[in-house]
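Q: Contents of structure.pdb (PDB, C-alpha atoms) are below:
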MODEL        1
ATOM      1  CA  MET A   1       0.000   0.000   0.000
ATOM      2  CA  ASN A   2       1.479   3.342  -1.054
ATOM      3  CA  GLY A   3      -0.359   5.469   1.510
ATOM      4  CA  ILE A   4      -1.642   9.006   1.037
ATOM      5  CA  GLU A   5       1.477  10.951   1.994
ATOM      6  CA  ASN A   6       2.798  13.190  -0.766
ATOM      7  CA  PHE A   7       5.603  11.232  -2.426
ATOM      8  CA  ARG A   8       8.057  14.102  -2.863
ATOM      9  CA  LEU A   9       7.545  15.176   0.735
ATOM     10  CA  LYS A  10       8.058  11.578   1.875
ATOM     11  CA  VAL A  11      11.391  11.419   0.022
ATOM     12  CA  PHE A  12      12.436  14.649   1.721
ATOM     13  CA  ARG A  13      11.345  13.426   5.162
ATOM     14  CA  VAL A  14      13.243  10.158   4.930
ATOM     15  CA  ALA A  15      16.366  11.847   3.552
ATOM     16  CA  ALA A  16      16.169  14.557   6.229
ATOM     17  CA  GLU A  17      15.822  12.028   9.047
ATOM     18  CA  ARG A  18      18.789   9.983   7.826
ATOM     19  CA  LEU A  19      20.898  12.858   6.439
ATOM     20  CA  ASN A  20      22.107  10.303   3.943
ATOM     21  CA  PHE A  21      20.649  10.101   0.434
ATOM     22  CA  THR A  22      21.997   6.590  -0.153
ATOM     23  CA  GLN A  23      20.305   5.244   2.987
ATOM     24  CA  ALA A  24      17.113   7.073   2.042
ATOM     25  CA  ALA A  25      17.227   5.459  -1.398
ATOM     26  CA  ASP A  26      17.534   1.999   0.175
ATOM     27  CA  ILE A  27      14.584   2.624   2.485
ATOM     28  CA  LEU A  28      12.412   4.026  -0.320
ATOM     29  CA  HIS A  29      13.501   1.384  -2.865
ATOM     30  CA  LEU A  30      14.762   4.097  -5.203
ATOM     31  CA  THR A  31      18.110   4.872  -6.763
ATOM     32  CA  GLN A  32      20.254   7.555  -5.155
ATOM     33  CA  PRO A  33      19.970   9.818  -8.260
ATOM     34  CA  ALA A  34      16.163   9.504  -8.044
ATOM     35  CA  VAL A  35      16.240  10.733  -4.441
ATOM     36  CA  THR A  36      18.482  13.633  -5.424
ATOM     37  CA  LEU A  37      16.134  14.515  -8.303
ATOM     38  CA  GLN A  38      13.068  14.564  -6.040
ATOM     39  CA  ILE A  39      14.844  16.771  -3.489
ATOM     40  CA  LYS A  40      16.000  19.161  -6.194
ATOM     41  CA  ALA A  41      12.469  19.410  -7.627
ATOM     42  CA  LEU A  42      11.040  20.107  -4.161
ATOM     43  CA  GLU A  43      13.657  22.806  -3.513
ATOM     44  CA  GLU A  44      12.835  24.430  -6.861
ATOM     45  CA  SER A  45       9.087  24.382  -6.193
ATOM     46  CA  LEU A  46       9.603  25.941  -2.738
ATOM     47  CA  GLY A  47      12.254  28.380  -3.903
ATOM     48  CA  THR A  48      14.678  27.540  -1.099
ATOM     49  CA  ARG A  49      17.520  25.217  -0.206
ATOM     50  CA  LEU A  50      16.561  22.384   2.119
ATOM     51  CA  PHE A  51      19.996  20.795   2.513
ATOM     52  CA  HIS A  52      23.577  21.975   2.754
ATOM     53  CA  ARG A  53      25.998  19.667   0.975
ATOM     54  CA  THR A  54      29.696  19.779   1.836
ATOM     55  CA  GLY A  55      31.585  16.974   0.165
ATOM     56  CA  SER A  56      29.979  13.767   1.418
ATOM     57  CA  THR A  57      28.337  15.523   4.399
ATOM     58  CA  VAL A  58      24.662  16.497   4.270
ATOM     59  CA  SER A  59      22.941  18.765   6.798
ATOM     60  CA  LEU A  60      19.578  20.489   6.963
ATOM     61  CA  SER A  61      19.244  24.189   6.224
ATOM     62  CA  SER A  62      17.040  26.337   8.451
ATOM     63  CA  ALA A  63      14.248  25.921   5.913
ATOM     64  CA  GLY A  64      14.840  22.172   5.874
ATOM     65  CA  GLU A  65      14.498  21.959   9.660
ATOM     66  CA  VAL A  66      11.189  23.821   9.533
ATOM     67  CA  LEU A  67       9.845  21.660   6.701
ATOM     68  CA  LEU A  68      10.922  18.441   8.441
ATOM     69  CA  SER A  69       8.871  19.377  11.499
ATOM     70  CA  TYR A  70       5.764  19.902   9.371
ATOM     71  CA  ALA A  71       6.501  16.877   7.184
ATOM     72  CA  ARG A  72       6.480  14.661  10.272
ATOM     73  CA  GLN A  73       3.169  16.123  11.398
ATOM     74  CA  MET A  74       1.699  15.593   7.928
ATOM     75  CA  ASP A  75       2.960  12.011   7.906
ATOM     76  CA  GLU A  76       1.291  11.365  11.272
ATOM     77  CA  LEU A  77      -1.982  12.912  10.046
ATOM     78  CA  ALA A  78      -1.870  10.849   6.847
ATOM     79  CA  ALA A  79      -1.277   7.678   8.867
ATOM     80  CA  ARG A  80      -4.178   8.480  11.196
ATOM     81  CA  ALA A  81      -6.456   9.193   8.232
ATOM     82  CA  GLN A  82      -5.478   5.902   6.647
ATOM     83  CA  GLU A  83      -6.189   4.010   9.874
ATOM     84  CA  GLU A  84      -9.606   5.681  10.263
ATOM     85  CA  LEU A  85     -10.534   4.875   6.669
ATOM     86  CA  GLY A  86      -9.500   1.288   7.279
ATOM     87  CA  ARG A  87     -11.701   1.051  10.375
ATOM     88  CA  LEU A  88     -14.686   2.305   8.360
ATOM     89  CA  ALA A  89     -14.010  -0.572   5.970
ATOM     90  CA  GLY A  90     -13.689  -2.986   8.902
ATOM     91  CA  GLU A  91      -9.954  -3.634   8.518
ATOM     92  CA  GLU A  92      -6.547  -2.529   9.752
ATOM     93  CA  ARG A  93      -5.007  -0.233   7.159
ATOM     94  CA  GLY A  94      -1.954   1.988   7.276
ATOM     95  CA  LYS A  95       1.758   2.032   8.065
ATOM     96  CA  LEU A  96       3.603   0.062  10.711
ATOM     97  CA  ALA A  97       7.167   1.231  11.356
ATOM     98  CA  LEU A  98       9.265  -1.191  13.389
ATOM     99  CA  GLY A  99      12.852  -1.030  14.574
ATOM    100  CA  ALA A 100      14.598  -4.222  15.616
ATOM    101  CA  SER A 101      18.049  -5.276  16.692
ATOM    102  CA  THR A 102      19.781  -7.580  14.260
ATOM    103  CA  THR A 103      19.025 -10.987  15.774
ATOM    104  CA  LEU A 104      15.319 -10.228  16.022
ATOM    105  CA  ALA A 105      15.142  -8.715  12.536
ATOM    106  CA  GLN A 106      16.943 -11.628  10.885
ATOM    107  CA  TYR A 107      15.597 -14.694  12.631
ATOM    108  CA  ILE A 108      12.419 -13.960  14.574
ATOM    109  CA  LEU A 109      10.451 -11.094  13.055
ATOM    110  CA  PRO A 110      10.058 -12.274   9.410
ATOM    111  CA  PRO A 111       7.627 -15.128  10.228
ATOM    112  CA  LEU A 112       5.834 -12.960  12.795
ATOM    113  CA  ILE A 113       5.338 -10.104  10.325
ATOM    114  CA  GLY A 114       4.278 -12.587   7.651
ATOM    115  CA  LYS A 115       1.537 -14.023   9.871
ATOM    116  CA  PHE A 116       0.408 -10.540  10.892
ATOM    117  CA  LEU A 117       0.134  -9.398   7.258
ATOM    118  CA  ALA A 118      -1.811 -12.513   6.367
ATOM    119  CA  ALA A 119      -4.372 -11.436   8.954
ATOM    120  CA  HIS A 120      -4.122  -7.716   8.103
ATOM    121  CA  PRO A 121      -3.256  -7.352   4.382
ATOM    122  CA  GLY A 122      -3.972  -3.611   4.437
ATOM    123  CA  VAL A 123      -0.978  -2.892   6.656
ATOM    124  CA  ASP A 124       2.160  -1.457   5.037
ATOM    125  CA  PRO A 125       5.178  -2.528   7.163
ATOM    126  CA  PHE A 126       8.617  -0.967   7.410
ATOM    127  CA  LEU A 127      11.410  -2.676   9.335
ATOM    128  CA  TYR A 128      14.699  -1.032  10.304
ATOM    129  CA  SER A 129      17.480  -3.349  11.443
ATOM    130  CA  GLY A 130      20.508  -2.250  13.441
ATOM    131  CA  ASN A 131      22.269  -2.833  16.727
ATOM    132  CA  THR A 132      20.417  -2.140  19.967
ATOM    133  CA  GLU A 133      21.951   1.298  20.438
ATOM    134  CA  SER A 134      20.856   2.545  16.999
ATOM    135  CA  VAL A 135      17.351   1.084  17.385
ATOM    136  CA  VAL A 136      16.848   2.832  20.744
ATOM    137  CA  LYS A 137      17.986   6.126  19.226
ATOM    138  CA  GLY A 138      15.572   5.690  16.321
ATOM    139  CA  LEU A 139      12.642   5.032  18.643
ATOM    140  CA  VAL A 140      13.470   8.088  20.762
ATOM    141  CA  ARG A 141      13.522  10.137  17.546
ATOM    142  CA  LYS A 142      10.054   8.721  16.729
ATOM    143  CA  GLN A 143      11.242   6.982  13.584
ATOM    144  CA  PHE A 144       9.406   3.809  14.680
ATOM    145  CA  ASP A 145       6.058   3.004  16.256
ATOM    146  CA  LEU A 146       7.534   0.078  18.179
ATOM    147  CA  ALA A 147      10.962  -1.449  18.583
ATOM    148  CA  LEU A 148      12.361  -4.795  19.672
ATOM    149  CA  ILE A 149      15.783  -5.068  21.241
ATOM    150  CA  GLU A 150      18.133  -7.553  22.878
ATOM    151  CA  GLY A 151      18.207  -6.644  26.550
ATOM    152  CA  PRO A 152      17.394  -3.382  28.368
ATOM    153  CA  SER A 153      17.129   0.039  26.734
ATOM    154  CA  HIS A 154      18.834   1.875  29.655
ATOM    155  CA  ARG A 155      16.352   4.747  29.229
ATOM    156  CA  ALA A 156      13.778   5.910  31.769
ATOM    157  CA  ASP A 157      11.587   7.478  29.072
ATOM    158  CA  LEU A 158      10.882   4.128  27.391
ATOM    159  CA  SER A 159       8.602   1.319  28.533
ATOM    160  CA  THR A 160       9.887  -2.252  28.268
ATOM    161  CA  GLU A 161       7.778  -5.367  27.753
ATOM    162  CA  ILE A 162       9.143  -8.907  27.574
ATOM    163  CA  PHE A 163       8.616 -10.602  24.217
ATOM    164  CA  ILE A 164      10.464 -13.946  24.344
ATOM    165  CA  GLU A 165      13.449 -15.606  25.999
ATOM    166  CA  ASP A 166      16.798 -16.115  24.292
ATOM    167  CA  GLU A 167      20.058 -17.897  25.037
ATOM    168  CA  ILE A 168      23.493 -16.921  23.758
ATOM    169  CA  VAL A 169      25.694 -19.933  23.031
ATOM    170  CA  ALA A 170      29.385 -20.376  22.304
ATOM    171  CA  ILE A 171      29.979 -21.762  18.817
ATOM    172  CA  PHE A 172      33.015 -23.608  17.456
ATOM    173  CA  HIS A 173      34.272 -25.094  14.221
ATOM    174  CA  PRO A 174      33.492 -28.844  14.371
ATOM    175  CA  GLU A 175      37.228 -29.627  14.512
ATOM    176  CA  SER A 176      38.193 -26.761  16.824
ATOM    177  CA  GLU A 177      40.674 -27.556  19.589
ATOM    178  CA  TRP A 178      39.077 -24.831  21.714
ATOM    179  CA  ALA A 179      35.859 -26.824  22.161
ATOM    180  CA  GLN A 180      37.608 -29.403  24.333
ATOM    181  CA  VAL A 181      39.583 -26.743  26.211
ATOM    182  CA  VAL A 182      36.434 -24.798  27.108
ATOM    183  CA  ALA A 183      34.454 -27.922  28.012
ATOM    184  CA  ALA A 184      37.219 -28.970  30.411
ATOM    185  CA  ASN A 185      38.163 -25.579  31.889
ATOM    186  CA  GLY A 186      35.002 -23.498  31.709
ATOM    187  CA  ALA A 187      35.371 -19.734  31.318
ATOM    188  CA  ALA A 188      39.112 -19.984  32.001
ATOM    189  CA  GLY A 189      39.406 -21.911  28.734
ATOM    190  CA  LEU A 190      38.399 -18.773  26.874
ATOM    191  CA  ALA A 191      41.201 -16.666  28.337
ATOM    192  CA  SER A 192      43.575 -17.309  25.428
ATOM    193  CA  ALA A 193      41.061 -18.352  22.749
ATOM    194  CA  PRO A 194      40.545 -16.052  19.740
ATOM    195  CA  LEU A 195      37.086 -14.575  20.335
ATOM    196  CA  ILE A 196      34.766 -13.276  17.635
ATOM    197  CA  LEU A 197      32.213 -10.860  19.105
ATOM    198  CA  ARG A 198      29.490  -8.493  17.981
ATOM    199  CA  GLU A 199      30.401  -4.825  17.687
ATOM    200  CA  ARG A 200      30.159  -2.460  20.643
ATOM    201  CA  GLY A 201      26.644  -1.056  20.972
ATOM    202  CA  SER A 202      25.156  -4.484  20.306
ATOM    203  CA  GLY A 203      22.903  -6.033  22.952
ATOM    204  CA  THR A 204      24.577  -9.394  22.343
ATOM    205  CA  ARG A 205      28.020  -7.925  23.011
ATOM    206  CA  GLU A 206      26.790  -6.373  26.254
ATOM    207  CA  VAL A 207      25.352  -9.596  27.721
ATOM    208  CA  VAL A 208      28.317 -11.727  26.604
ATOM    209  CA  GLU A 209      30.824  -9.387  28.221
ATOM    210  CA  SER A 210      28.746  -9.261  31.393
ATOM    211  CA  ALA A 211      28.621 -13.072  31.584
ATOM    212  CA  LEU A 212      32.351 -13.465  30.961
ATOM    213  CA  ARG A 213      33.112 -10.865  33.621
ATOM    214  CA  LYS A 214      30.948 -12.724  36.110
ATOM    215  CA  GLY A 215      32.778 -15.902  35.102
ATOM    216  CA  GLY A 216      36.002 -14.375  36.401
ATOM    217  CA  LEU A 217      37.591 -13.218  33.152
ATOM    218  CA  ASN A 218      39.411  -9.902  32.792
ATOM    219  CA  LEU A 219      37.882  -8.419  29.651
ATOM    220  CA  ARG A 220      40.954  -6.299  28.963
ATOM    221  CA  LYS A 221      43.110  -9.404  28.707
ATOM    222  CA  LEU A 222      40.834 -11.342  26.383
ATOM    223  CA  ARG A 223      42.056 -12.077  22.888
ATOM    224  CA  ILE A 224      39.445 -10.379  20.697
ATOM    225  CA  ALA A 225      40.236 -11.620  17.214
ATOM    226  CA  MET A 226      37.446  -9.772  15.452
ATOM    227  CA  ASP A 227      34.384  -7.536  15.980
ATOM    228  CA  LEU A 228      31.576  -8.187  13.490
ATOM    229  CA  ASP A 229      28.203  -6.539  12.947
ATOM    230  CA  SER A 230      25.937  -9.573  12.547
ATOM    231  CA  SER A 231      25.414 -13.134  13.697
ATOM    232  CA  GLU A 232      25.744 -14.337  10.106
ATOM    233  CA  ALA A 233      29.204 -12.799   9.870
ATOM    234  CA  ILE A 234      30.231 -14.404  13.164
ATOM    235  CA  LYS A 235      29.000 -17.816  12.032
ATOM    236  CA  CYS A 236      30.935 -17.540   8.766
ATOM    237  CA  ALA A 237      34.099 -16.536  10.619
ATOM    238  CA  VAL A 238      33.785 -19.489  13.013
ATOM    239  CA  GLU A 239      33.078 -21.886  10.135
ATOM    240  CA  ALA A 240      36.315 -20.618   8.576
ATOM    241  CA  GLY A 241      38.205 -21.584  11.752
ATOM    242  CA  LEU A 242      38.979 -18.036  12.852
ATOM    243  CA  GLY A 243      37.954 -18.442  16.489
ATOM    244  CA  VAL A 244      35.181 -18.917  19.018
ATOM    245  CA  GLY A 245      31.949 -16.983  18.548
ATOM    246  CA  PHE A 246      28.842 -16.153  20.549
ATOM    247  CA  VAL A 247      25.422 -15.984  18.880
ATOM    248  CA  SER A 248      21.761 -16.358  19.739
ATOM    249  CA  SER A 249      20.374 -19.890  19.681
ATOM    250  CA  TRP A 250      17.703 -18.493  17.336
ATOM    251  CA  ALA A 251      20.438 -17.943  14.739
ATOM    252  CA  LEU A 252      21.453 -21.614  14.544
ATOM    253  CA  GLN A 253      18.495 -23.322  12.898
ATOM    254  CA  LYS A 254      20.329 -24.129   9.663
ATOM    255  CA  GLU A 255      23.544 -25.160  11.397
ATOM    256  CA  ARG A 256      21.628 -27.678  13.508
ATOM    257  CA  LEU A 257      20.652 -29.497  10.345
ATOM    258  CA  LEU A 258      23.991 -29.197   8.531
ATOM    259  CA  GLY A 259      26.311 -29.846  11.482
ATOM    260  CA  SER A 260      28.544 -27.034  10.236
ATOM    261  CA  LEU A 261      29.042 -25.648  13.757
ATOM    262  CA  LYS A 262      29.108 -27.121  17.238
ATOM    263  CA  THR A 263      28.343 -25.576  20.576
ATOM    264  CA  VAL A 264      29.679 -26.365  24.020
ATOM    265  CA  ARG A 265      28.138 -25.420  27.337
ATOM    266  CA  ILE A 266      30.656 -23.403  29.309
ATOM    267  CA  PRO A 267      30.711 -24.806  32.860
ATOM    268  CA  GLY A 268      29.556 -22.115  35.268
ATOM    269  CA  ILE A 269      28.225 -19.829  32.555
ATOM    270  CA  ARG A 270      24.803 -19.756  30.952
ATOM    271  CA  ILE A 271      23.941 -16.617  29.002
ATOM    272  CA  ARG A 272      20.198 -16.129  28.975
ATOM    273  CA  ARG A 273      18.407 -12.885  28.211
ATOM    274  CA  ARG A 274      15.053 -11.417  27.353
ATOM    275  CA  LEU A 275      14.163 -10.010  23.968
ATOM    276  CA  ASN A 276      11.986  -6.996  24.633
ATOM    277  CA  PHE A 277       9.487  -4.659  23.054
ATOM    278  CA  ILE A 278      10.150  -1.007  23.825
ATOM    279  CA  TYR A 279       7.912   1.988  23.238
ATOM    280  CA  ALA A 280       7.475   5.529  24.520
ATOM    281  CA  GLN A 281       6.347   6.005  28.114
ATOM    282  CA  GLY A 282       2.677   6.896  28.460
ATOM    283  CA  PRO A 283      -0.400   5.316  26.910
ATOM    284  CA  LYS A 284       0.024   1.808  25.513
ATOM    285  CA  PRO A 285       0.478   1.621  21.722
ATOM    286  CA  ALA A 286      -2.856   1.861  19.924
ATOM    287  CA  GLY A 287      -4.073   1.495  16.368
ATOM    288  CA  ILE A 288      -1.984  -0.702  14.098
ATOM    289  CA  SER A 289       1.024  -0.725  16.412
ATOM    290  CA  GLY A 290      -1.248  -1.780  19.274
ATOM    291  CA  SER A 291      -2.738  -4.563  17.148
ATOM    292  CA  PHE A 292       0.727  -5.763  16.192
ATOM    293  CA  LEU A 293       1.880  -5.714  19.812
ATOM    294  CA  GLN A 294      -1.076  -7.855  20.898
ATOM    295  CA  PHE A 295      -0.540 -10.209  17.949
ATOM    296  CA  ALA A 296       3.141 -10.536  18.895
ATOM    297  CA  ARG A 297       2.257 -11.308  22.514
ATOM    298  CA  GLU A 298       0.204 -14.297  21.395
ATOM    299  CA  TYR A 299       2.871 -15.348  18.906
ATOM    300  CA  GLY A 300       5.536 -15.178  21.607
ATOM    301  CA  LYS A 301       3.543 -17.513  23.844
ATOM    302  CA  ALA A 302       3.378 -20.092  21.053
ATOM    303  CA  ILE A 303       7.115 -20.331  20.334
ATOM    304  CA  GLN A 304       9.923 -21.589  22.527
ATOM    305  CA  THR A 305      13.600 -20.716  22.759
ATOM    306  CA  PRO A 306      15.544 -23.247  20.653
ATOM    307  CA  VAL A 307      17.809 -25.529  22.676
ATOM    308  CA  TRP A 308      20.915 -27.005  21.114
ATOM    309  CA  PRO A 309      22.324 -29.795  23.337
ATOM    310  CA  ALA A 310      25.981 -29.423  24.245
ATOM    311  CA  LYS A 311      28.506 -31.421  22.277
ATOM    312  CA  ALA A 312      32.030 -32.086  23.494
TER
ENDMDL
END
Could you write out this structure as C-alpha cells?
A:
Amino acid sequence: MNGIENFRLKVFRVAAERLNFTQAADILHLTQPAVTLQIKALEESLGTRLFHRTGSTVSLSSAGEVLLSYARQMDELAARAQEELGRLAGEERGKLALGASTTLAQYILPPLIGKFLAAHPGVDPFLYSGNTESVVKGLVRKQFDLALIEGPSHRADLSTEIFIEDEIVAIFHPESEWAQVVAANGAAGLASAPLILRERGSGTREVVESALRKGGLNLRKLRIAMDLDSSEAIKCAVEAGLGVGFVSSWALQKERLLGSLKTVRIPGIRIRRRLNFIYAQGPKPAGISGSFLQFAREYGKAIQTPVWPAKA
C-alpha cells in the first residue's frame, strides 16, 4: 500500500531524518539519483535550499528543519487518516514502522510479520534493522512506532515489555581444539582463545561481556580476534576456523541441520536474556502498532527458545 502521503515530501522526510541520500534510497527502494532529483524538484518548487551539501556531508538548512517538522506532522496525520478509513471498511489499514536489533530482525520477526500481514493485508510494514543502540535512538527520535531489542534500553523514558526468551551460546568449528579446552576448563578456557564478538553497541556484546566478567575473566586481557556486525558474519568466521563466537540460539536453525558448527556449554556460565518490546512512556500503543503488539504477545507464547544440546 502506497499510503496518502505526498511522495516528494516523503522522500524529503526520509532523507532529512537519515541525512544520507543513499540510505534514504535503500529505504524508499529508489536509486540515489532519483532521491536527489526529487529533493532538487522540491527545492525548486519551494524556492529555497533544504539541505547543505559539503563533500559527502549532508545537513539540513534552516528551511529544511522547519519543513521536516511539518513533514512529520503531515505524515502522522496521513497515517491516522489511513487508519480511520480502514476502520470504516472494517480492517486494519496503514503504516507500521518497526525497529529491531539484528538478531530479532533476521531470525524472529520475518515469520511474525508474515503471519500478521496474512491477517491484516492492508498494513504497510517498514522494518529497520541495526544494533540495539541505533534502534533505541531511532525510537526516541520517533522513527518507529515500536521497537524490539536484545536486553534493556537503559532509558527511563521508554517502557519495556518482555517478548520472548533467548540464550546466547558459544559456537566452534566442528574440529576446533578450543571446544575441548572450554568444556574442560570453563570460562578460564576462553582466556587465550581467539574470540569473535558483535560490535560495541550491540545487545549481544553487552550480555556476553557481562557473563564473561561474572565468570572471572578480565575483559581487557581477552584475545578479541574480530568484531563483526551480525550473527551471520560471526557464524561464517567461526566456520572458517577463525575463532570462538557467541550468537543467539535463534540464529542456529540451519547449522543444527547441517552440522557445520558445534556448541559447548561453558561450565559455570549460561547466558540467557530477554528479547523486549520497547515503546514511549505513556499510553500503551494503539491502532496498528497496538494490534501488532497484541498479535506478537500471542505469537511469543506459542514459540519456545531453541535448545541445542551441548557437544564435546
Q: Find the residue from A:Ser101, A:Ile113, A:Gly151, A:Leu261 that sits nearest to Val169 of chain A; use all atoms listed in the file when measuring.
A: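 Using all atoms listed in the file, Val169 of chain A sits closest to A:Leu261.
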Q: On this structure, which residues satisfy the PyMOL selection byres ((chain A and resi 204-208) around 9), written as a list in words?
A: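 Output of the PyMOL selection byres ((chain A and resi 204-208) around 9): Thr103, Asn131, Thr132, Glu150, Gly151, Ile168, Leu197, Arg198, Glu199, Arg200, Gly201, Ser202, Gly203, Glu209, Ser210, Ala211, Leu212, Arg213, Phe246, Val247, Ser248, Ile271, Arg272 and Arg273 of chain A.
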Q: Expand the PyMOL selection byres ((chain A and resi 279) around 6) into the individual residues it matches in the shown file, reporting them as a PyMOL selection string.
A: chain A and resi 146+158-159+278+280
Q: Determine the residue membership of the PyMOL selection byres ((chain A and resi 128) around 10) for the file above and supply it as a list in words.
A: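 Written out, the selection comes to Ile27, Ala97, Leu98, Gly99, Ala100, Ser101, Thr102, Ala105, Phe126, Leu127, Ser129, Gly130, Ser134, Val135, Gly138, Gln143, Phe144 and Ala147 of chain A.
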Q: Could you write out the selected residues, including C-alpha atoms, as a compact mmCIF listing (two decimals), in the frame of the given file?
A:
# COMPACT_ATOMS: atom_id res chain seq x y z
CA ILE A 27 14.58 2.62 2.48
CA ALA A 97 7.17 1.23 11.36
CA LEU A 98 9.26 -1.19 13.39
CA GLY A 99 12.85 -1.03 14.57
CA ALA A 100 14.60 -4.22 15.62
CA SER A 101 18.05 -5.28 16.69
CA THR A 102 19.78 -7.58 14.26
CA ALA A 105 15.14 -8.72 12.54
CA PHE A 126 8.62 -0.97 7.41
CA LEU A 127 11.41 -2.68 9.34
CA SER A 129 17.48 -3.35 11.44
CA GLY A 130 20.51 -2.25 13.44
CA SER A 134 20.86 2.54 17.00
CA VAL A 135 17.35 1.08 17.39
CA GLY A 138 15.57 5.69 16.32
CA GLN A 143 11.24 6.98 13.58
CA PHE A 144 9.41 3.81 14.68
CA ALA A 147 10.96 -1.45 18.58
Q: Just to confirm, what's the straight-line distance from atom CA of Glu92 of chain A to atom CA of Arg8 of chain A in Å (one decimal)?
A: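 Interatomic distance, atom CA of Glu92 of chain A to atom CA of Arg8 of chain A: 25.5 Å.
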Q: Mind checking which residues fall within 8 Å of Ala251 of chain A, counting only C-alpha atoms, ignoring those fewer than 6 positions away in the same chain, and posting them as a VMD selection string?
A: chain A and resid 103 107 231 to 232
Q: Could you tell me how far atom CA of Asn6 of chain A lies from atom CA of Leu109 of chain A, in Å and to one decimal?
A: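 Between atom CA of Asn6 of chain A and atom CA of Leu109 of chain A the gap works out to 29.0 Å.
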Q: Just the residues within 8 Å of Arg297 of chain A, please, counting all atoms listed in the file, with nothing from its chain fewer than 4 positions along; format it as a PyMOL selection string.
A: chain A and resi 163+293+301
Q: Would you please work out which residue, of A:Val244, A:Ile164, A:Leu96, A:Ala63, is nearest to Phe116 of chain A when using all atoms listed in the file?
A: A:Leu96
Q: May I ask which of the residues A:Leu148, A:Leu195, A:Ile288, A:Val140 is the closest one to Pro121 of chain A, counting only C-alpha atoms?
A: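 Smallest distance to Pro121 of chain A is found for A:Ile288.
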Q: Between A:Pro194, A:Gly64, A:Gly241, A:Pro33, single out the one closest to Leu19 of chain A, counting only C-alpha atoms.
A: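 Checking each candidate against Leu19 of chain A, we get A:Gly64 as the closest.
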Q: With distances taken over all atoms listed in the file, which of A:Arg49, A:Lys254, A:Lys137, A:Arg270 is nearest to Asp157 of chain A?
A: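 Checking each candidate against Asp157 of chain A, we get A:Lys137 as the closest.
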Q: Which of these, A:Arg265, A:Arg256, A:Arg155, A:His173, has the shortest distance to Glu239 of chain A once you count all atoms listed in the file?
A: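 Between A:Arg265, A:Arg256, A:Arg155, A:His173, the residue approaching Glu239 of chain A most closely is A:His173.
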Q: Since the input lacks atoms, please generate all heavy atoms for segment 59-63 of chain A and provide them as a compact mmCIF listing (two decimals), keeping the file's coordinate frame.
A:
# COMPACT_ATOMS: atom_id res chain seq x y z
N SER A 59 23.60 18.22 5.62
CA SER A 59 22.94 18.76 6.80
C SER A 59 21.72 19.55 6.36
O SER A 59 21.62 19.97 5.20
CB SER A 59 23.89 19.66 7.60
OG SER A 59 24.33 20.75 6.81
N LEU A 60 20.80 19.74 7.27
CA LEU A 60 19.58 20.49 6.96
C LEU A 60 19.83 21.99 7.05
O LEU A 60 20.53 22.46 7.95
CB LEU A 60 18.47 20.12 7.93
CG LEU A 60 17.74 18.80 7.69
CD1 LEU A 60 16.81 18.51 8.85
CD2 LEU A 60 16.96 18.83 6.39
N SER A 61 19.25 22.73 6.12
CA SER A 61 19.24 24.19 6.22
C SER A 61 18.18 24.59 7.23
O SER A 61 17.41 23.75 7.72
CB SER A 61 18.94 24.81 4.86
OG SER A 61 17.59 24.49 4.49
N SER A 62 18.09 25.86 7.54
CA SER A 62 17.04 26.34 8.45
C SER A 62 15.66 26.03 7.87
O SER A 62 14.75 25.61 8.59
CB SER A 62 17.19 27.84 8.70
OG SER A 62 18.42 28.12 9.34
N ALA A 63 15.52 26.23 6.56
CA ALA A 63 14.25 25.92 5.91
C ALA A 63 13.96 24.43 5.97
O ALA A 63 12.82 24.00 6.16
CB ALA A 63 14.27 26.40 4.46
